[in-house]
Amino acid sequence: MATPRDYDADPERFRLATRVTERYLSGGRGQHEHVAEVLTGAGAGLVLDIGCGEGALHTALHTALHTALHTALHTEPRTALPVPARPRVVGLDASATMLARHPRPVVRAEATALPFPDGVFDAAVAVNVLYHLGDPVAAIGEAHRVLAPGGMFVTASPSRFDSPELAHVWRPEPSSFDAEDAPRLVARVFGRVEVEWWDAPLITLPDERAVRDYLIARFVTPGAAASAAARVRTPTTVTKKGAFVYGRR
Ligand SMILES: C[S@@+](CC[C@H](N)C(=O)[O-])C[C@H]1O[C@@H](n2cnc3c(N)ncnc32)[C@H](O)[C@@H]1O
């Protein structure tokens, strides 16, 4: 049920996934940009990014801070908007390969055994991570423990019905943390949760090669991805489905 981890053995698969999303995102904005805006709006100071990868959230927070500062400084009267606090990100990941490219400070650790005392972070984030765990609730419990009172937990995961336009050649494997289960699993630790669903035609794959790369990024072997891609009419627009789940300590 847990999605395999290949981040040290084959980091190029994850990097391809990142490039495919950046290149073919045709509507809306990315998940990290959304989470960064939420965290900046909430005034989060110290942020723990659990399963931080190579720093997509770190980059998005930097951009969101500059946008918020620009807005605050150019809104009349000048005092109308508070100047946002600068978030500081601690990147935590089990993969040394991922951490090598993440801005410091970073910590190599398992999400189920966070090497921090209780109650120190303003926010804990786990974007596209918890489906790698056999027991995601154990990691959610650890996130809860390290949050300060009132601290925010944010997680995101894709739906088991993601990319329906490709269902004739590929379907997502069921995982331990599909979006459909995520609210209930987070609620087991945090009690009340808020959920924001996404369900929109966000990715346009222009040609067969783009479809192949999209499938390789989703753990399909290159040979199987190439033959599946040959059976997809292009260009094709793919509906992305999933959820953000928020909890408060
Ligand atoms: C799909 S990537 C997401 C990276 C980043 N959150 C992002 O959205 O770009 C999953 C990340 O979770 C990390 N990971 C998987 N299982 C983990 C665990 N048990 N503890 C810590 N990190 C883990 C992987 O090494 C990888 O960097």
# chains A, B, ... in the order shown; residues from 1 in each chain; ligands from 1

call {"tool": "residues_around", "arguments": {"residues": "A:Leu215", "least_positions_apart": "4", "cutoff": "10 Å", "atoms": "only C-alpha atoms", "output": "ChimeraX atom specification"}}
result
/A:17,20,166,169-171,209-211,219-222,224-226,228-229

call {"tool": "residues_near_ligand", "arguments": {"ligand": "ligand 1", "cutoff": "8 Å", "atoms": "only C-alpha atoms and all ligand atoms", "output": "VMD selection string"}}
result
chain A and resid 5 to 8 14 18 31 to 32 49 to 57 92 to 96 98 to 99 108 to 112 126 to 130 132 to 133 139

call {"tool": "write_last_selection", "arguments": {"atoms": "N, CA, C and O atoms", "output": "CSV table (one decimal), in the first residue's frame"}}
result
chain,number,residue,atom,x,y,z
A,5,ARG,N,9.8,4.1,-2.3
A,5,ARG,CA,10.7,5.3,-2.3
A,5,ARG,C,11.9,5.0,-3.1
A,5,ARG,O,12.6,4.0,-2.9
A,6,ASP,N,12.2,5.9,-4.1
A,6,ASP,CA,13.3,5.6,-5.0
A,6,ASP,C,14.2,6.9,-5.0
A,6,ASP,O,15.0,7.1,-6.0
A,7,TYR,N,14.1,7.7,-4.0
A,7,TYR,CA,14.8,9.0,-4.1
A,7,TYR,C,16.3,9.0,-4.0
A,7,TYR,O,16.9,9.9,-4.5
A,8,ASP,N,16.9,7.9,-3.4
A,8,ASP,CA,18.3,7.8,-3.5
A,8,ASP,C,18.7,6.9,-4.7
A,8,ASP,O,19.7,7.2,-5.3
A,14,PHE,N,12.1,11.4,-9.8
A,14,PHE,CA,11.4,12.6,-9.1
A,14,PHE,C,11.7,13.9,-9.8
A,14,PHE,O,10.8,14.7,-10.0
A,18,THR,N,9.0,16.6,-11.4
A,18,THR,CA,9.0,18.1,-11.1
A,18,THR,C,9.0,18.8,-12.4
A,18,THR,O,8.2,19.8,-12.6
A,31,GLN,N,1.0,23.3,-6.2
A,31,GLN,CA,0.7,23.0,-4.8
A,31,GLN,C,1.6,23.8,-3.8
A,31,GLN,O,1.1,24.3,-2.8
A,32,HIS,N,2.9,23.9,-4.1
A,32,HIS,CA,3.8,24.5,-3.2
A,32,HIS,C,3.5,26.0,-3.1
A,32,HIS,O,3.6,26.6,-2.0
A,49,ASP,N,9.4,21.3,7.1
A,49,ASP,CA,8.9,20.7,5.8
A,49,ASP,C,9.3,19.2,5.9
A,49,ASP,O,10.5,18.9,5.6
A,50,ILE,N,8.4,18.4,6.2
A,50,ILE,CA,8.6,16.9,6.4
A,50,ILE,C,8.6,16.3,5.0
A,50,ILE,O,7.6,16.4,4.3
A,51,GLY,N,9.7,15.6,4.6
A,51,GLY,CA,9.8,15.0,3.3
A,51,GLY,C,9.9,16.2,2.3
A,51,GLY,O,9.2,16.3,1.3
A,52,CYS,N,10.9,17.0,2.6
A,52,CYS,CA,11.1,18.3,1.9
A,52,CYS,C,11.6,18.2,0.4
A,52,CYS,O,11.5,19.1,-0.4
A,53,GLY,N,12.1,17.0,0.1
A,53,GLY,CA,12.6,16.8,-1.3
A,53,GLY,C,13.8,17.8,-1.5
A,53,GLY,O,14.6,18.0,-0.7
A,54,GLU,N,13.8,18.4,-2.7
A,54,GLU,CA,14.9,19.3,-3.1
A,54,GLU,C,14.5,20.8,-2.9
A,54,GLU,O,15.3,21.7,-3.3
A,55,GLY,N,13.4,21.1,-2.2
A,55,GLY,CA,13.2,22.4,-1.7
A,55,GLY,C,12.1,23.2,-2.5
A,55,GLY,O,12.1,24.4,-2.4
A,56,ALA,N,11.1,22.5,-3.0
A,56,ALA,CA,10.1,23.3,-3.8
A,56,ALA,C,9.3,24.2,-2.8
A,56,ALA,O,9.0,25.3,-3.2
A,57,LEU,N,9.1,23.8,-1.6
A,57,LEU,CA,8.3,24.6,-0.7
A,57,LEU,C,9.2,25.8,-0.3
A,57,LEU,O,8.7,26.9,-0.1
A,92,LEU,N,13.4,18.5,6.3
A,92,LEU,CA,13.6,17.2,6.9
A,92,LEU,C,13.3,16.1,5.8
A,92,LEU,O,12.2,16.2,5.2
A,93,ASP,N,14.2,15.2,5.6
A,93,ASP,CA,13.9,14.1,4.6
A,93,ASP,C,14.7,12.9,5.0
A,93,ASP,O,15.8,13.0,5.6
A,94,ALA,N,14.2,11.7,4.6
A,94,ALA,CA,15.0,10.5,4.8
A,94,ALA,C,16.1,10.3,3.7
A,94,ALA,O,16.9,9.4,3.9
A,95,SER,N,16.0,11.0,2.6
A,95,SER,CA,16.9,10.8,1.5
A,95,SER,C,18.1,11.8,1.5
A,95,SER,O,17.9,13.0,1.4
A,96,ALA,N,19.3,11.3,1.7
A,96,ALA,CA,20.5,12.2,1.6
A,96,ALA,C,20.6,12.8,0.2
A,96,ALA,O,21.1,14.0,0.1
A,98,MET,N,18.2,13.8,-1.8
A,98,MET,CA,17.3,15.0,-1.8
A,98,MET,C,17.9,16.1,-1.0
A,98,MET,O,17.9,17.3,-1.5
A,99,LEU,N,18.3,15.8,0.2
A,99,LEU,CA,18.8,16.9,1.1
A,99,LEU,C,20.0,17.6,0.5
A,99,LEU,O,20.2,18.8,0.8
A,108,ARG,N,18.4,14.9,8.3
A,108,ARG,CA,18.1,13.6,7.8
A,108,ARG,C,17.4,12.8,8.8
A,108,ARG,O,18.0,12.5,9.9
A,109,ALA,N,16.1,12.4,8.6
A,109,ALA,CA,15.4,11.7,9.6
A,109,ALA,C,14.2,11.1,9.0
A,109,ALA,O,13.8,11.5,7.9
A,110,GLU,N,13.6,10.1,9.7
A,110,GLU,CA,12.3,9.5,9.3
A,110,GLU,C,11.1,10.4,9.9
A,110,GLU,O,11.2,10.9,11.0
A,111,ALA,N,10.1,10.5,9.1
A,111,ALA,CA,8.9,11.3,9.5
A,111,ALA,C,8.3,10.7,10.7
A,111,ALA,O,7.6,11.5,11.4
A,112,THR,N,8.5,9.5,11.0
A,112,THR,CA,7.9,8.8,12.1
A,112,THR,C,8.7,9.0,13.4
A,112,THR,O,8.3,8.5,14.5
A,126,ALA,N,3.6,18.5,5.0
A,126,ALA,CA,4.0,17.2,4.4
A,126,ALA,C,3.3,17.1,3.1
A,126,ALA,O,2.1,16.6,3.0
A,127,VAL,N,3.9,17.6,2.0
A,127,VAL,CA,3.3,17.7,0.7
A,127,VAL,C,3.8,16.4,-0.1
A,127,VAL,O,5.0,16.3,-0.4
A,128,ASN,N,2.8,15.6,-0.5
A,128,ASN,CA,3.1,14.4,-1.3
A,128,ASN,C,4.2,13.5,-0.7
A,128,ASN,O,5.2,13.1,-1.3
A,129,VAL,N,4.0,13.2,0.6
A,129,VAL,CA,5.0,12.4,1.4
A,129,VAL,C,4.3,11.3,2.0
A,129,VAL,O,4.8,10.1,2.0
A,130,LEU,N,3.1,11.5,2.6
A,130,LEU,CA,2.6,10.5,3.6
A,130,LEU,C,2.2,9.2,2.9
A,130,LEU,O,2.1,8.1,3.5
A,132,HIS,N,4.0,7.5,1.1
A,132,HIS,CA,5.2,6.6,1.2
A,132,HIS,C,5.3,5.8,2.5
A,132,HIS,O,6.2,5.0,2.6
A,133,LEU,N,4.4,6.2,3.4
A,133,LEU,CA,4.5,5.5,4.8
A,133,LEU,C,3.5,4.4,4.9
A,133,LEU,O,2.3,4.6,4.6
A,139,ALA,N,3.3,9.3,11.5
A,139,ALA,CA,4.0,10.6,11.1
A,139,ALA,C,3.1,11.8,11.5
A,139,ALA,O,3.7,12.8,11.9

call {"tool": "select_by_dssp", "arguments": {"residues": "stretch 3-173 of chain A", "states": "strand (DSSP E or B)", "output": "VMD selection string"}}
result
chain A and resid 25 46 to 50 88 to 93 106 to 108 121 to 127 147 to 158

call {"tool": "write_last_selection", "arguments": {"atoms": "N, CA, C and O atoms", "output": "compact mmCIF listing (two decimals), in the first residue's frame"}}
result
# COMPACT_ATOMS: atom_id res chain seq x y z
N LEU A 25 2.05 22.49 -16.71
CA LEU A 25 0.96 23.07 -15.91
C LEU A 25 0.28 24.14 -16.76
O LEU A 25 0.92 25.11 -17.16
N LEU A 46 8.53 29.61 12.08
CA LEU A 46 9.39 28.44 11.93
C LEU A 46 8.58 27.28 11.34
O LEU A 46 7.61 26.81 11.95
N VAL A 47 9.00 26.85 10.15
CA VAL A 47 8.24 25.85 9.38
C VAL A 47 9.06 24.57 9.24
O VAL A 47 10.22 24.64 8.80
N LEU A 48 8.49 23.45 9.60
CA LEU A 48 9.15 22.16 9.36
C LEU A 48 8.55 21.54 8.10
O LEU A 48 7.34 21.29 8.04
N ASP A 49 9.40 21.33 7.08
CA ASP A 49 8.94 20.71 5.83
C ASP A 49 9.35 19.24 5.87
O ASP A 49 10.51 18.90 5.64
N ILE A 50 8.38 18.38 6.17
CA ILE A 50 8.62 16.94 6.36
C ILE A 50 8.60 16.27 4.98
O ILE A 50 7.62 16.38 4.25
N ARG A 88 11.08 30.80 8.33
CA ARG A 88 12.34 30.05 8.29
C ARG A 88 11.99 28.59 8.16
O ARG A 88 11.16 28.07 8.92
N VAL A 89 12.61 27.91 7.18
CA VAL A 89 12.24 26.53 6.87
C VAL A 89 13.33 25.58 7.34
O VAL A 89 14.50 25.80 7.05
N VAL A 90 12.93 24.54 8.06
CA VAL A 90 13.83 23.42 8.34
C VAL A 90 13.38 22.28 7.42
O VAL A 90 12.23 21.86 7.46
N GLY A 91 14.29 21.83 6.56
CA GLY A 91 13.98 20.73 5.64
C GLY A 91 14.32 19.41 6.29
O GLY A 91 15.45 19.22 6.75
N LEU A 92 13.37 18.49 6.30
CA LEU A 92 13.62 17.16 6.87
C LEU A 92 13.27 16.12 5.82
O LEU A 92 12.21 16.19 5.18
N ASP A 93 14.18 15.17 5.62
CA ASP A 93 13.92 14.13 4.62
C ASP A 93 14.73 12.89 5.00
O ASP A 93 15.78 12.99 5.64
N VAL A 106 19.06 21.55 7.15
CA VAL A 106 18.35 20.32 6.83
C VAL A 106 18.68 19.26 7.88
O VAL A 106 19.73 19.33 8.52
N VAL A 107 17.77 18.30 8.00
CA VAL A 107 17.95 17.21 8.95
C VAL A 107 17.55 15.92 8.24
O VAL A 107 16.49 15.87 7.61
N ARG A 108 18.42 14.91 8.33
CA ARG A 108 18.05 13.62 7.75
C ARG A 108 17.40 12.78 8.84
O ARG A 108 18.04 12.47 9.86
N PHE A 121 7.52 24.17 16.52
CA PHE A 121 7.31 24.72 15.17
C PHE A 121 5.96 25.43 15.07
O PHE A 121 4.98 25.02 15.68
N ASP A 122 5.94 26.50 14.25
CA ASP A 122 4.67 27.19 13.98
C ASP A 122 3.84 26.45 12.94
O ASP A 122 2.62 26.59 12.88
N ALA A 123 4.54 25.72 12.06
CA ALA A 123 3.83 24.96 11.03
C ALA A 123 4.63 23.71 10.69
O ALA A 123 5.87 23.73 10.73
N ALA A 124 3.92 22.65 10.37
CA ALA A 124 4.55 21.41 9.88
C ALA A 124 3.82 21.02 8.61
O ALA A 124 2.59 21.00 8.57
N VAL A 125 4.60 20.75 7.57
CA VAL A 125 4.04 20.53 6.23
C VAL A 125 4.51 19.17 5.72
O VAL A 125 5.66 18.80 5.93
N ALA A 126 3.63 18.45 5.04
CA ALA A 126 4.03 17.19 4.39
C ALA A 126 3.29 17.10 3.06
O ALA A 126 2.15 16.63 3.01
N VAL A 127 3.91 17.62 2.00
CA VAL A 127 3.28 17.65 0.68
C VAL A 127 3.76 16.44 -0.12
O VAL A 127 4.97 16.29 -0.36
N LEU A 147 4.54 20.56 16.97
CA LEU A 147 3.89 21.86 16.75
C LEU A 147 3.66 22.58 18.07
O LEU A 147 3.28 21.97 19.08
N ALA A 148 3.86 23.91 18.04
CA ALA A 148 3.49 24.74 19.19
C ALA A 148 1.97 24.80 19.27
O ALA A 148 1.27 24.59 18.25
N PRO A 149 1.41 25.12 20.46
CA PRO A 149 -0.05 25.29 20.55
C PRO A 149 -0.54 26.30 19.51
O PRO A 149 0.07 27.37 19.35
N GLY A 150 -1.56 25.92 18.76
CA GLY A 150 -2.06 26.79 17.69
C GLY A 150 -1.34 26.59 16.38
O GLY A 150 -1.73 27.16 15.35
N GLY A 151 -0.27 25.79 16.38
CA GLY A 151 0.51 25.57 15.15
C GLY A 151 -0.31 24.83 14.10
O GLY A 151 -1.25 24.09 14.40
N MET A 152 0.08 25.04 12.83
CA MET A 152 -0.71 24.53 11.70
C MET A 152 -0.04 23.33 11.05
O MET A 152 1.16 23.35 10.79
N PHE A 153 -0.83 22.29 10.80
CA PHE A 153 -0.36 21.15 10.02
C PHE A 153 -1.00 21.22 8.63
O PHE A 153 -2.20 21.47 8.52
N VAL A 154 -0.19 21.03 7.59
CA VAL A 154 -0.70 21.06 6.21
C VAL A 154 -0.17 19.82 5.50
O VAL A 154 1.04 19.56 5.51
N THR A 155 -1.07 19.10 4.86
CA THR A 155 -0.61 17.99 4.04
C THR A 155 -1.37 18.00 2.71
O THR A 155 -2.43 18.63 2.61
N ALA A 156 -0.79 17.35 1.72
CA ALA A 156 -1.45 17.28 0.41
C ALA A 156 -1.18 15.91 -0.18
O ALA A 156 -0.09 15.35 -0.01
N SER A 157 -2.18 15.37 -0.87
CA SER A 157 -2.02 14.06 -1.49
C SER A 157 -2.94 13.94 -2.70
O SER A 157 -4.03 14.53 -2.71
N PRO A 158 -2.53 13.18 -3.72
CA PRO A 158 -3.40 13.01 -4.87
C PRO A 158 -4.54 12.02 -4.61
O PRO A 158 -4.45 11.18 -3.71

call {"tool": "select_by_dssp", "arguments": {"residues": "stretch 23-86 of chain A", "states": "helix (DSSP H, G or I)", "output": "MDAnalysis selection string"}}
result
chainID A and resid 23:24 31:41 56:73 78:80

call {"tool": "closest_residue", "arguments": {"among": "A:Pro103, A:Val238, A:Arg145, A:Val189", "to": "A:Pro164", "atoms": "only C-alpha atoms"}}
result
A:Val238

call {"tool": "closest_residue", "arguments": {"among": "A:Pro206, A:Asp213, A:Ser175, A:Ala9", "to": "A:Asp135", "atoms": "only C-alpha atoms"}}
result
A:Ser175

call {"tool": "closest_residue", "arguments": {"among": "A:Glu37, A:Asp178, A:Glu194, A:Glu76", "to": "A:Thr3", "atoms": "only C-alpha atoms"}}
result
A:Asp178
